[in-house]
file work-v3.csv (CSV, C-alpha atoms and all ligand atoms)
chain,number,residue,atom,x,y,z
H,1,MET,CA,0.0,0.0,0.0
H,2,PRO,CA,1.5,3.4,-0.9
H,3,ASP,CA,2.0,5.9,1.8
H,4,LEU,CA,2.5,9.7,1.9
H,5,PHE,CA,6.2,9.0,2.7
H,6,ALA,CA,6.8,6.3,0.1
H,7,PRO,CA,9.0,7.2,-2.8
H,8,TYR,CA,7.4,7.8,-6.2
H,9,GLU,CA,8.8,7.6,-9.7
H,10,LEU,CA,7.5,9.0,-12.9
H,11,LYS,CA,9.9,8.5,-15.8
H,12,ALA,CA,13.2,10.0,-14.6
H,13,LEU,CA,11.6,12.0,-11.8
H,14,SER,CA,12.3,10.2,-8.6
H,15,LEU,CA,10.7,11.6,-5.5
H,16,LYS,CA,11.5,10.7,-1.9
H,17,ASN,CA,7.9,11.1,-0.8
H,18,ARG,CA,4.5,12.1,-2.2
H,19,ILE,CA,4.4,15.6,-0.8
H,20,VAL,CA,4.3,18.6,-3.2
H,21,MET,CA,4.6,22.3,-2.7
H,22,PRO,CA,2.3,23.7,-5.4
H,23,PRO,CA,3.1,26.9,-7.3
H,24,MET,CA,2.4,30.0,-5.3
H,25,CYS,CA,3.2,33.5,-6.7
H,26,GLN,CA,5.3,35.5,-4.2
H,27,TYR,CA,5.0,38.9,-6.0
H,28,ALA,CA,8.5,39.4,-4.6
H,29,VAL,CA,10.5,40.4,-7.7
H,30,VAL,CA,12.0,43.8,-6.9
H,31,LYS,CA,13.6,45.1,-10.0
H,32,GLN,CA,10.7,44.0,-12.3
H,33,ASP,CA,13.3,42.0,-14.3
H,34,GLY,CA,11.6,38.7,-13.5
H,35,THR,CA,14.7,37.2,-11.8
H,36,PRO,CA,14.3,35.4,-8.6
H,37,ASN,CA,16.1,36.9,-5.6
H,38,ASP,CA,17.0,36.0,-2.0
H,39,TRP,CA,13.3,35.9,-1.0
H,40,HIS,CA,12.6,33.2,-3.5
H,41,PHE,CA,15.8,31.3,-2.6
H,42,VAL,CA,15.0,31.2,1.1
H,43,HIS,CA,11.3,30.5,0.5
H,44,TYR,CA,11.8,27.5,-1.7
H,45,VAL,CA,14.9,26.1,0.0
H,46,SER,CA,13.2,26.3,3.4
H,47,ARG,CA,10.5,23.9,2.1
H,48,ALA,CA,13.2,21.5,0.8
H,49,ILE,CA,14.8,21.6,4.3
H,50,GLY,CA,11.3,21.0,5.7
H,51,GLY,CA,11.0,17.6,4.0
H,52,THR,CA,8.9,18.4,1.0
H,53,GLY,CA,9.6,15.9,-1.8
H,54,PHE,CA,8.7,18.0,-4.8
H,55,ILE,CA,8.6,21.8,-5.1
H,56,ILE,CA,6.9,23.6,-8.0
H,57,VAL,CA,8.1,27.1,-8.4
H,58,GLU,CA,5.4,29.8,-8.8
H,59,MET,CA,3.9,30.7,-12.2
H,60,THR,CA,6.8,32.1,-14.1
H,61,GLY,CA,6.3,34.2,-17.2
H,62,ILE,CA,7.5,32.9,-20.6
H,63,HIS,CA,7.2,36.6,-21.7
H,64,PRO,CA,7.5,39.8,-19.7
H,65,ASP,CA,3.9,40.7,-20.5
H,66,GLY,CA,2.8,37.2,-19.7
H,67,ARG,CA,3.2,37.8,-16.0
H,68,ILE,CA,0.2,38.5,-13.7
H,69,SER,CA,2.2,41.5,-12.5
H,70,ASN,CA,5.7,43.0,-12.9
H,71,GLN,CA,6.5,41.6,-9.4
H,72,ASP,CA,6.4,38.0,-10.8
H,73,THR,CA,9.2,35.8,-11.9
H,74,GLY,CA,10.0,35.2,-15.5
H,75,ILE,CA,12.1,32.9,-17.7
H,76,TRP,CA,12.1,34.7,-21.0
H,77,SER,CA,15.9,35.5,-21.2
H,78,ASP,CA,19.1,33.4,-20.9
H,79,GLU,CA,20.3,35.9,-18.4
H,80,GLN,CA,17.7,34.7,-15.9
H,81,ILE,CA,19.1,31.1,-16.0
H,82,GLU,CA,21.8,31.5,-13.4
H,83,ALA,CA,19.5,32.6,-10.6
H,84,TYR,CA,17.3,29.5,-11.1
H,85,ARG,CA,20.4,27.3,-11.2
H,86,ARG,CA,21.4,28.5,-7.8
H,87,LEU,CA,17.9,27.6,-6.6
H,88,THR,CA,17.7,24.2,-8.1
H,89,GLU,CA,21.2,23.2,-6.8
H,90,ALA,CA,20.3,24.2,-3.3
H,91,VAL,CA,17.0,22.4,-3.4
H,92,HIS,CA,18.7,19.3,-4.6
H,93,VAL,CA,21.2,19.4,-1.8
H,94,HIS,CA,18.3,18.8,0.6
H,95,GLY,CA,16.9,15.8,-1.3
H,96,ALA,CA,14.0,17.5,-2.9
H,97,LYS,CA,13.1,17.7,-6.6
H,98,ILE,CA,12.0,21.0,-8.2
H,99,ALA,CA,9.9,22.1,-11.2
H,100,VAL,CA,8.9,25.5,-12.5
H,101,GLN,CA,5.4,26.4,-13.6
H,102,LEU,CA,5.6,28.0,-17.0
H,103,GLY,CA,2.8,30.4,-17.6
H,104,HIS,CA,1.3,33.3,-19.5
H,105,ALA,CA,-1.5,35.3,-17.9
H,106,GLY,CA,-3.2,36.4,-21.1
H,107,ARG,CA,-6.0,38.7,-20.4
H,108,LYS,CA,-5.2,38.5,-16.6
H,109,ALA,CA,-1.8,40.2,-17.1
H,110,LEU,CA,-2.4,43.3,-15.0
H,111,ASP,CA,0.7,45.4,-16.0
H,112,ALA,CA,0.6,44.5,-19.7
H,113,ASP,CA,-0.5,47.3,-21.9
H,114,PRO,CA,-2.5,45.9,-23.5
H,115,PRO,CA,-2.7,42.3,-22.4
H,116,VAL,CA,-3.2,39.7,-25.2
H,117,ALA,CA,-5.7,36.9,-25.3
H,118,PRO,CA,-7.5,34.5,-27.7
H,119,SER,CA,-10.3,37.1,-28.1
H,120,ALA,CA,-10.9,40.7,-27.0
H,121,ILE,CA,-13.0,39.8,-24.0
H,122,SER,CA,-12.1,41.3,-20.6
H,123,PHE,CA,-12.0,39.3,-17.4
H,124,ASP,CA,-14.5,41.6,-15.7
H,125,ALA,CA,-15.8,45.1,-15.8
H,126,ASN,CA,-12.7,46.5,-14.0
H,127,SER,CA,-10.2,44.7,-16.2
H,128,LYS,CA,-8.4,45.9,-19.3
H,129,THR,CA,-9.8,44.7,-22.6
H,130,PRO,CA,-7.1,42.4,-24.2
H,131,GLN,CA,-6.0,42.5,-27.7
H,132,ALA,CA,-6.9,39.4,-29.7
H,133,LEU,CA,-3.7,37.6,-30.6
H,134,THR,CA,-2.7,37.5,-34.3
H,135,ARG,CA,-1.7,34.2,-35.7
H,136,GLU,CA,1.9,35.4,-35.8
H,137,GLY,CA,1.5,36.4,-32.1
H,138,ILE,CA,0.4,32.8,-31.3
H,139,VAL,CA,3.3,31.3,-33.1
H,140,GLU,CA,5.7,33.6,-31.2
H,141,LEU,CA,4.2,32.6,-27.8
H,142,ILE,CA,4.3,28.9,-28.6
H,143,ALA,CA,8.0,29.4,-29.3
H,144,ALA,CA,8.4,31.4,-26.0
H,145,TYR,CA,6.9,28.4,-24.1
H,146,ARG,CA,9.5,26.2,-25.8
H,147,GLU,CA,12.3,28.6,-25.0
H,148,GLY,CA,11.2,28.8,-21.4
H,149,ALA,CA,11.3,25.0,-21.1
H,150,ARG,CA,14.7,24.9,-22.6
H,151,ARG,CA,16.0,27.4,-20.1
H,152,ALA,CA,14.3,25.4,-17.3
H,153,VAL,CA,16.2,22.3,-18.3
H,154,ASP,CA,19.4,24.3,-18.6
H,155,ALA,CA,18.8,25.7,-15.1
H,156,GLY,CA,18.6,22.2,-13.6
H,157,PHE,CA,14.9,21.9,-13.0
H,158,ASP,CA,13.7,18.2,-12.8
H,159,THR,CA,10.7,18.9,-14.9
H,160,VAL,CA,8.2,21.7,-15.8
H,161,GLU,CA,4.6,22.3,-15.2
H,162,LEU,CA,2.5,24.0,-17.8
H,163,HIS,CA,-0.1,26.4,-16.3
H,164,GLY,CA,-3.3,25.4,-18.1
H,165,ALA,CA,-5.5,26.4,-15.2
H,166,HIS,CA,-7.0,29.4,-13.3
H,167,GLY,CA,-8.1,31.4,-16.3
H,168,TYR,CA,-4.6,32.0,-17.7
H,169,LEU,CA,-3.7,31.8,-21.4
H,170,ILE,CA,-3.9,28.0,-22.1
H,171,HIS,CA,-7.2,27.9,-20.2
H,172,GLN,CA,-8.4,31.0,-22.1
H,173,PHE,CA,-7.9,29.2,-25.4
H,174,HIS,CA,-9.7,25.9,-24.4
H,175,SER,CA,-12.6,27.7,-22.7
H,176,PRO,CA,-15.4,28.3,-25.2
H,177,LEU,CA,-16.3,31.4,-23.2
H,178,THR,CA,-13.0,33.2,-23.7
H,179,ASN,CA,-12.1,31.9,-27.2
H,180,VAL,CA,-14.5,33.1,-29.9
H,181,ARG,CA,-11.9,33.2,-32.7
H,182,ASP,CA,-12.9,32.5,-36.2
H,183,ASP,CA,-9.7,30.8,-37.2
H,184,GLU,CA,-8.5,27.3,-36.6
H,185,TYR,CA,-7.7,28.2,-32.9
H,186,GLY,CA,-11.4,29.0,-32.4
H,187,ALA,CA,-12.7,26.0,-34.4
H,188,ASP,CA,-10.4,23.8,-32.3
H,189,PRO,CA,-10.1,25.4,-28.8
H,190,MET,CA,-7.6,22.7,-27.7
H,191,LEU,CA,-5.2,23.4,-30.5
H,192,PHE,CA,-3.2,26.0,-28.7
H,193,GLY,CA,-2.6,23.9,-25.6
H,194,GLU,CA,-1.8,20.9,-27.8
H,195,GLN,CA,0.8,22.9,-29.8
H,196,VAL,CA,2.3,24.4,-26.6
H,197,THR,CA,2.6,20.9,-25.1
H,198,ARG,CA,4.3,19.5,-28.3
H,199,ALA,CA,6.7,22.5,-28.5
H,200,VAL,CA,7.7,22.0,-24.9
H,201,ARG,CA,8.1,18.3,-25.3
H,202,GLU,CA,10.6,18.9,-28.1
H,203,VAL,CA,13.1,20.4,-25.7
H,204,LEU,CA,12.5,18.2,-22.7
H,205,PRO,CA,14.7,15.1,-22.4
H,206,ALA,CA,12.5,12.1,-23.3
H,207,GLU,CA,12.7,10.7,-19.8
H,208,MET,CA,11.6,14.0,-18.2
H,209,PRO,CA,7.9,13.9,-17.4
H,210,LEU,CA,5.8,16.9,-18.3
H,211,ILE,CA,3.1,18.1,-15.9
H,212,MET,CA,0.1,20.3,-16.7
H,213,ARG,CA,-2.1,22.1,-14.2
H,214,VAL,CA,-5.7,22.3,-15.3
H,215,SER,CA,-9.0,23.7,-14.0
H,216,ALA,CA,-11.2,20.7,-14.2
H,217,LYS,CA,-14.3,22.8,-13.8
H,218,GLU,CA,-15.3,26.4,-14.4
H,219,TYR,CA,-17.6,28.3,-12.0
H,220,VAL,CA,-18.5,31.2,-14.3
H,221,GLU,CA,-22.0,31.3,-15.7
H,222,GLY,CA,-22.2,28.7,-18.5
H,223,GLY,CA,-18.7,27.4,-17.8
H,224,TYR,CA,-17.4,24.0,-18.8
H,225,ASP,CA,-17.7,20.9,-16.5
H,226,GLU,CA,-15.4,18.0,-15.8
H,227,THR,CA,-16.5,16.0,-18.8
H,228,TYR,CA,-15.2,18.7,-21.1
H,229,ALA,CA,-12.0,18.9,-19.0
H,230,LEU,CA,-11.5,15.2,-19.5
H,231,GLU,CA,-11.6,15.8,-23.3
H,232,PHE,CA,-8.9,18.5,-23.3
H,233,CYS,CA,-6.8,16.5,-20.9
H,234,ARG,CA,-7.1,13.6,-23.3
H,235,ARG,CA,-5.7,15.8,-26.1
H,236,TYR,CA,-2.9,17.1,-24.0
H,237,LYS,CA,-2.0,13.6,-22.8
H,238,ALA,CA,-1.7,12.5,-26.4
H,239,ALA,CA,0.5,15.5,-27.1
H,240,GLY,CA,2.9,14.5,-24.3
H,241,VAL,CA,1.6,15.4,-20.8
H,242,ASP,CA,2.5,12.7,-18.3
H,243,MET,CA,0.7,13.9,-15.2
H,244,PHE,CA,-2.1,16.4,-14.4
H,245,HIS,CA,-2.2,18.7,-11.4
H,246,VAL,CA,-5.9,19.1,-10.9
H,247,SER,CA,-7.4,22.4,-9.7
H,248,SER,CA,-10.5,24.3,-10.7
H,249,GLY,CA,-11.9,27.8,-11.4
H,250,GLY,CA,-10.2,31.1,-11.9
H,251,GLU,CA,-11.9,32.0,-15.2
H,252,GLY,CA,-14.2,34.9,-14.2
H,253,PRO,CA,-17.0,35.9,-11.9
H,254,ILE,CA,-18.8,33.1,-10.1
H,255,GLY,CA,-22.0,32.1,-11.8
H,256,SER,CA,-25.4,31.1,-10.4
H,257,ASN,CA,-24.2,27.5,-9.8
H,258,GLY,CA,-21.9,28.9,-7.2
H,259,GLY,CA,-18.2,28.4,-6.6
H,260,PRO,CA,-16.3,25.6,-5.0
H,261,ASN,CA,-17.1,24.8,-1.4
H,262,ALA,CA,-13.4,25.3,-0.7
H,263,GLY,CA,-13.6,23.0,2.3
H,264,PRO,CA,-11.1,20.2,3.1
H,265,ALA,CA,-10.1,18.1,0.1
H,266,TYR,CA,-12.5,20.0,-2.1
H,267,GLN,CA,-10.9,19.1,-5.4
H,268,VAL,CA,-9.9,15.5,-4.8
H,269,ASP,CA,-12.9,14.1,-6.6
H,270,LEU,CA,-11.9,16.1,-9.7
H,271,ALA,CA,-8.4,14.7,-9.6
H,272,GLU,CA,-9.8,11.2,-9.2
H,273,TYR,CA,-12.1,11.7,-12.2
H,274,ILE,CA,-9.2,12.8,-14.5
H,275,ARG,CA,-7.0,10.0,-13.1
H,276,SER,CA,-9.5,7.2,-13.7
H,277,GLY,CA,-10.9,8.6,-17.0
H,278,LEU,CA,-7.4,8.8,-18.6
H,279,GLN,CA,-5.4,6.2,-16.6
H,280,ILE,CA,-2.9,8.9,-15.8
H,281,PRO,CA,-1.2,9.9,-12.5
H,282,VAL,CA,-2.4,13.1,-10.8
H,283,ILE,CA,-1.5,15.6,-8.2
H,284,ALA,CA,-4.4,16.6,-5.9
H,285,VAL,CA,-4.5,20.1,-4.4
H,286,GLY,CA,-6.9,22.2,-2.3
H,287,ARG,CA,-7.2,22.2,1.5
H,288,LEU,CA,-5.2,19.1,2.0
H,289,GLU,CA,-3.2,20.4,5.0
H,290,SER,CA,-4.7,17.9,7.4
H,291,TYR,CA,-2.0,15.2,7.8
H,292,GLU,CA,-4.6,12.4,8.1
H,293,GLU,CA,-6.5,13.5,5.0
H,294,ALA,CA,-3.3,13.9,3.0
H,295,GLN,CA,-2.2,10.4,4.1
H,296,SER,CA,-5.6,8.7,3.4
H,297,ILE,CA,-6.0,9.9,-0.2
H,298,VAL,CA,-2.6,8.3,-1.0
H,299,THR,CA,-3.1,5.1,1.0
H,300,GLU,CA,-6.6,4.7,-0.6
H,301,GLU,CA,-4.9,5.1,-4.0
H,302,LYS,CA,-7.1,8.0,-5.0
H,303,VAL,CA,-4.2,10.1,-6.2
H,304,GLU,CA,-0.4,9.8,-6.6
H,305,LEU,CA,0.8,13.1,-5.1
H,306,VAL,CA,-0.6,15.6,-2.6
H,307,ALA,CA,0.1,19.3,-2.8
H,308,VAL,CA,-0.2,21.5,0.2
H,309,GLY,CA,-0.2,25.3,-0.6
H,310,ARG,CA,-1.3,27.6,2.2
H,311,GLY,CA,-0.5,24.9,4.7
H,312,MET,CA,3.1,25.2,3.6
H,313,LEU,CA,3.0,29.0,3.7
H,314,SER,CA,2.2,28.8,7.3
H,315,ASP,CA,4.6,25.9,8.0
H,316,PRO,CA,7.7,25.4,5.9
H,317,TYR,CA,8.3,22.1,7.9
H,318,TRP,CA,4.8,20.8,7.1
H,319,ALA,CA,6.2,17.5,5.6
H,320,LEU,CA,8.4,16.8,8.6
H,321,HIS,CA,5.6,17.6,11.0
H,322,ALA,CA,3.2,15.3,9.0
H,323,GLU,CA,5.7,12.5,9.3
H,324,GLU,CA,6.2,13.1,13.0
H,325,ALA,CA,2.4,13.2,13.6
H,326,LEU,CA,1.7,10.1,11.5
H,327,GLY,CA,4.1,7.7,13.1
H,328,GLY,CA,7.5,9.3,13.8
H,329,VAL,CA,10.2,10.8,11.7
H,330,ASP,CA,12.9,8.8,10.1
H,331,LYS,CA,16.2,10.3,11.3
H,332,ALA,CA,17.5,10.3,7.7
H,333,ASN,CA,14.9,12.9,6.8
H,334,VAL,CA,15.9,15.4,9.4
H,335,PRO,CA,18.7,17.9,8.7
H,336,LYS,CA,21.4,17.3,11.2
H,337,PRO,CA,21.4,20.8,12.8
H,338,TYR,CA,17.6,20.3,13.5
H,339,GLU,CA,17.7,16.8,15.0
H,340,ARG,CA,17.1,18.0,18.5
H,341,GLY,CA,13.9,19.7,17.4
H,342,VAL,CA,12.3,16.4,16.6
H,343,TRP,CA,10.1,15.0,19.4
H,344,LYS,CA,8.8,11.8,17.9
H,345,ARG,CA,11.1,9.4,16.0
H,346,LYS,CA,10.5,6.0,14.5
H,401,LIG,C1,-0.4,33.2,-2.4
H,401,LIG,C2,-0.8,32.2,-3.4
H,401,LIG,C3,-0.3,32.2,-4.7
H,401,LIG,C4,-0.7,31.3,-5.7
H,401,LIG,N1,-0.1,31.3,-6.9
H,401,LIG,C5,-0.3,30.3,-7.8
H,401,LIG,C6,0.5,30.1,-8.9
H,401,LIG,O1,1.5,30.8,-9.2
H,401,LIG,N2,0.1,29.1,-9.8
H,401,LIG,C7,-0.9,28.3,-9.6
H,401,LIG,O2,-1.2,27.4,-10.4
H,401,LIG,N3,-1.6,28.4,-8.4
H,401,LIG,C8,-1.3,29.3,-7.5
H,401,LIG,N4,-2.0,29.4,-6.3
H,401,LIG,C9,-2.9,28.3,-6.0
H,401,LIG,C10,-2.2,27.2,-5.2
H,401,LIG,O3,-1.2,26.5,-5.9
H,401,LIG,C11,-3.2,26.1,-4.7
H,401,LIG,O4,-3.8,25.5,-5.8
H,401,LIG,C12,-4.3,26.7,-3.8
H,401,LIG,O5,-3.8,27.6,-2.8
H,401,LIG,C13,-5.2,25.6,-3.2
H,401,LIG,O6,-4.4,24.8,-2.3
H,401,LIG,P1,-4.3,25.0,-0.7
H,401,LIG,O7,-5.7,24.9,-0.2
H,401,LIG,O8,-3.4,23.8,-0.3
H,401,LIG,O9,-3.7,26.3,-0.5
H,401,LIG,C14,-1.7,30.3,-5.4
H,401,LIG,C15,-2.2,30.3,-4.1
H,401,LIG,C16,-1.8,31.2,-3.1
H,401,LIG,C17,-2.4,31.1,-1.7
call {"tool": "encode", "arguments": {"input": "work-v3.csv", "output": "structure tokens"}}
result
Amino acid sequence: MPDLFAPYELKALSLKNRIVMPPMCQYAVVKQDGTPNDWHFVHYVSRAIGGTGFIIVEMTGIHPDGRISNQDTGIWSDEQIEAYRRLTEAVHVHGAKIAVQLGHAGRKALDADPPVAPSAISFDANSKTPQALTREGIVELIAAYREGARRAVDAGFDTVELHGAHGYLIHQFHSPLTNVRDDEYGADPMLFGEQVTRAVREVLPAEMPLIMRVSAKEYVEGGYDETYALEFCRRYKAAGVDMFHVSSGGEGPIGSNGGPNAGPAYQVDLAEYIRSGLQIPVIAVGRLESYEEAQSIVTEEKVELVAVGRGMLSDPYWALHAEEALGGVDKANVPKPYERGVWKRK
């Protein structure tokens, strides 16, 4: 029976446990140049010291105007590689693996003037109206995703996660509400995500798995449901995605069906649905900070990996504390200088 602390392998990605730190924007870039700084270094390396098996760096722009804000990280220039290399090397020293979430915010890019999107439809009444991407613009952005992935490999990341969730660019293309184009990208709303996936796959080593985060359900009026999400995931799987990180929402104002209940484990059923529908491994996320809940969804073989976001913002040592609470910490998992802080050992 797998366990939260059992190793996990997916192609060449070899994790010491099933615990994931999901991507969380820090809005901590100071010089607006997209380069991670000491804040990012301390933030991510702390979670590696804290026992997390797999760390996914926040949504990182493949283009300067693809960031949610100018305070976000980016990976659009070779000059940015060195700062990420420093980070990946330090995380590896502590036995964790690390990915970067490659993203483009599309119409949700707050500081872009104007933002670009599949169609000129704003997020809400207070948002800028985006410019509909030309076909040349689409081709350039697909190349930018590929270049971002190439830099990520160069910087020592163990894999990349494509951000296809939360109403950002890939999601904006496959959602029929935000993509009303009259070209092939409108006739086939999954084409953009498929082409991005294939382009990124071209530069990833064959044994490096590719992860995609998706919103498996929209909460906006008339939004898609999980049966539609299964279909776009099927396309992206065929194009080269090896694992889905299953989230939901983020596309616009909540419709009359209401939003997620956002209570404990609120998206696990969506992750299970994609997993069983496509026979593909998944990461579950969303209010999984209860140690027992995180443990049970792995032991019950509902999902492969468990991501804990806000729980890790409040506790960088969440993974070690979970291990301590659920049976006792294996000494090998505790950094030597911190050994005396562990109360319950195996
Ligand atoms: C401060 C903050 C920043 C976030 N930034 C991102 C992000 O960059 N990319 C992303 O896909 N999700 C982002 N999220 C969503 C989280 O990855 C996660 O899916 C969400 O917080 C639910 O998990 P939790 O209940 O364990 O926190 C962010 C969440 C928080 C709280």
call {"tool": "residues_near_ligand", "arguments": {"input": "work-v3.csv", "ligand": "ligand LIG 401 (chain H)", "cutoff": "6 Å", "atoms": "all atoms listed in the file", "output": "number ranges by chain"}}
result
H: 22-25, 58-59, 285-288, 308-311
call {"tool": "atom_distance", "arguments": {"input": "work-v3.csv", "atom1": "CA of Val93 (chain H)", "atom2": "CA of Glu161 (chain H)"}}
result
21.5 Å
call {"tool": "residues_around", "arguments": {"input": "work-v3.csv", "residues": "Pro209 (chain H)", "least_positions_apart": "4", "cutoff": "7 Å", "atoms": "all atoms listed in the file", "output": "ChimeraX atom specification"}}
result
/H:10-11,13,159,242
call {"tool": "closest_residue", "arguments": {"input": "work-v3.csv", "among": "H:Ala307, H:Leu270, H:Val298, H:Trp39", "to": "Phe54 (chain H)", "atoms": "only C-alpha atoms"}}
result
H:Ala307
call {"tool": "closest_residue", "arguments": {"input": "work-v3.csv", "among": "H:Ala144, H:Met21, H:Ala48, H:Val42", "to": "Asn333 (chain H)", "atoms": "all atoms listed in the file"}}
result
H:Ala48
call {"tool": "residues_near_point", "arguments": {"input": "work-v3.csv", "point": "(-1.0, 4.9, 5.2)", "cutoff": "7 Å", "atoms": "all atoms listed in the file", "output": "CSV table (one decimal) with C-alpha atoms, in the coordinates of the input"}}
result
chain,number,residue,atom,x,y,z
H,2,PRO,CA,1.5,3.4,-0.9
H,3,ASP,CA,2.0,5.9,1.8
H,4,LEU,CA,2.5,9.7,1.9
H,295,GLN,CA,-2.2,10.4,4.1
H,296,SER,CA,-5.6,8.7,3.4
H,299,THR,CA,-3.1,5.1,1.0
call {"tool": "residues_around", "arguments": {"input": "work-v3.csv", "residues": "Lys128 (chain H)", "least_positions_apart": "6", "cutoff": "12 Å", "atoms": "all atoms listed in the file", "output": "list of chain:residue names"}}
result
H:Gly106, H:Arg107, H:Lys108, H:Ala109, H:Leu110, H:Asp111, H:Ala112, H:Asp113, H:Pro114, H:Pro115, H:Val116, H:Ala117, H:Ala120, H:Ile121, H:Ser122
call {"tool": "closest_residue", "arguments": {"input": "work-v3.csv", "among": "H:Lys331, H:Arg135, H:Lys302, H:His163", "to": "Arg181 (chain H)", "atoms": "only C-alpha atoms"}}
result
H:Arg135
call {"tool": "closest_residue", "arguments": {"input": "work-v3.csv", "among": "H:Asp182, H:Asp65, H:Glu272, H:Asp33", "to": "Glu79 (chain H)", "atoms": "all atoms listed in the file"}}
result
H:Asp33
call {"tool": "closest_residue", "arguments": {"input": "work-v3.csv", "among": "H:Val342, H:Ala96, H:Ala155, H:Ala265", "to": "Ile56 (chain H)", "atoms": "all atoms listed in the file"}}
result
H:Ala96
call {"tool": "build_atoms", "arguments": {"input": "work-v3.csv", "residues": "region 7-19 of chain H", "atoms": "N, CA, C and O atoms", "output": "CSV table (one decimal), keeping the file's coordinate frame"}}
result
chain,number,residue,atom,x,y,z
H,7,PRO,N,8.5,6.5,-1.6
H,7,PRO,CA,9.0,7.2,-2.8
H,7,PRO,C,8.1,7.0,-4.0
H,7,PRO,O,7.2,6.2,-4.0
H,8,TYR,N,8.3,7.9,-5.0
H,8,TYR,CA,7.4,7.8,-6.2
H,8,TYR,C,8.3,8.1,-7.4
H,8,TYR,O,9.1,9.0,-7.3
H,9,GLU,N,8.0,7.4,-8.5
H,9,GLU,CA,8.8,7.6,-9.7
H,9,GLU,C,7.9,7.8,-10.9
H,9,GLU,O,6.9,7.1,-11.0
H,10,LEU,N,8.2,8.8,-11.7
H,10,LEU,CA,7.5,9.0,-12.9
H,10,LEU,C,8.6,9.3,-14.0
H,10,LEU,O,9.3,10.3,-13.9
H,11,LYS,N,8.8,8.4,-14.9
H,11,LYS,CA,9.9,8.5,-15.8
H,11,LYS,C,11.2,8.7,-15.0
H,11,LYS,O,11.4,8.0,-14.0
H,12,ALA,N,11.9,9.7,-15.3
H,12,ALA,CA,13.2,10.0,-14.6
H,12,ALA,C,13.0,10.8,-13.3
H,12,ALA,O,14.0,11.0,-12.6
H,13,LEU,N,11.8,11.2,-13.1
H,13,LEU,CA,11.6,12.0,-11.8
H,13,LEU,C,11.4,11.0,-10.7
H,13,LEU,O,10.5,10.3,-10.6
H,14,SER,N,12.3,11.1,-9.7
H,14,SER,CA,12.3,10.2,-8.6
H,14,SER,C,12.2,11.0,-7.3
H,14,SER,O,13.1,11.7,-6.9
H,15,LEU,N,11.0,10.8,-6.7
H,15,LEU,CA,10.7,11.6,-5.5
H,15,LEU,C,10.9,10.8,-4.2
H,15,LEU,O,10.5,9.6,-4.2
H,16,LYS,N,11.3,11.4,-3.1
H,16,LYS,CA,11.5,10.7,-1.9
H,16,LYS,C,10.2,10.5,-1.2
H,16,LYS,O,10.1,9.6,-0.3
H,17,ASN,N,9.2,11.3,-1.4
H,17,ASN,CA,7.9,11.1,-0.8
H,17,ASN,C,6.8,11.7,-1.7
H,17,ASN,O,7.1,12.2,-2.9
H,18,ARG,N,5.6,11.7,-1.3
H,18,ARG,CA,4.5,12.1,-2.2
H,18,ARG,C,4.0,13.6,-1.9
H,18,ARG,O,2.9,13.9,-2.3
H,19,ILE,N,4.8,14.3,-1.2
H,19,ILE,CA,4.4,15.6,-0.8
H,19,ILE,C,4.9,16.7,-1.7
H,19,ILE,O,6.1,16.8,-2.0
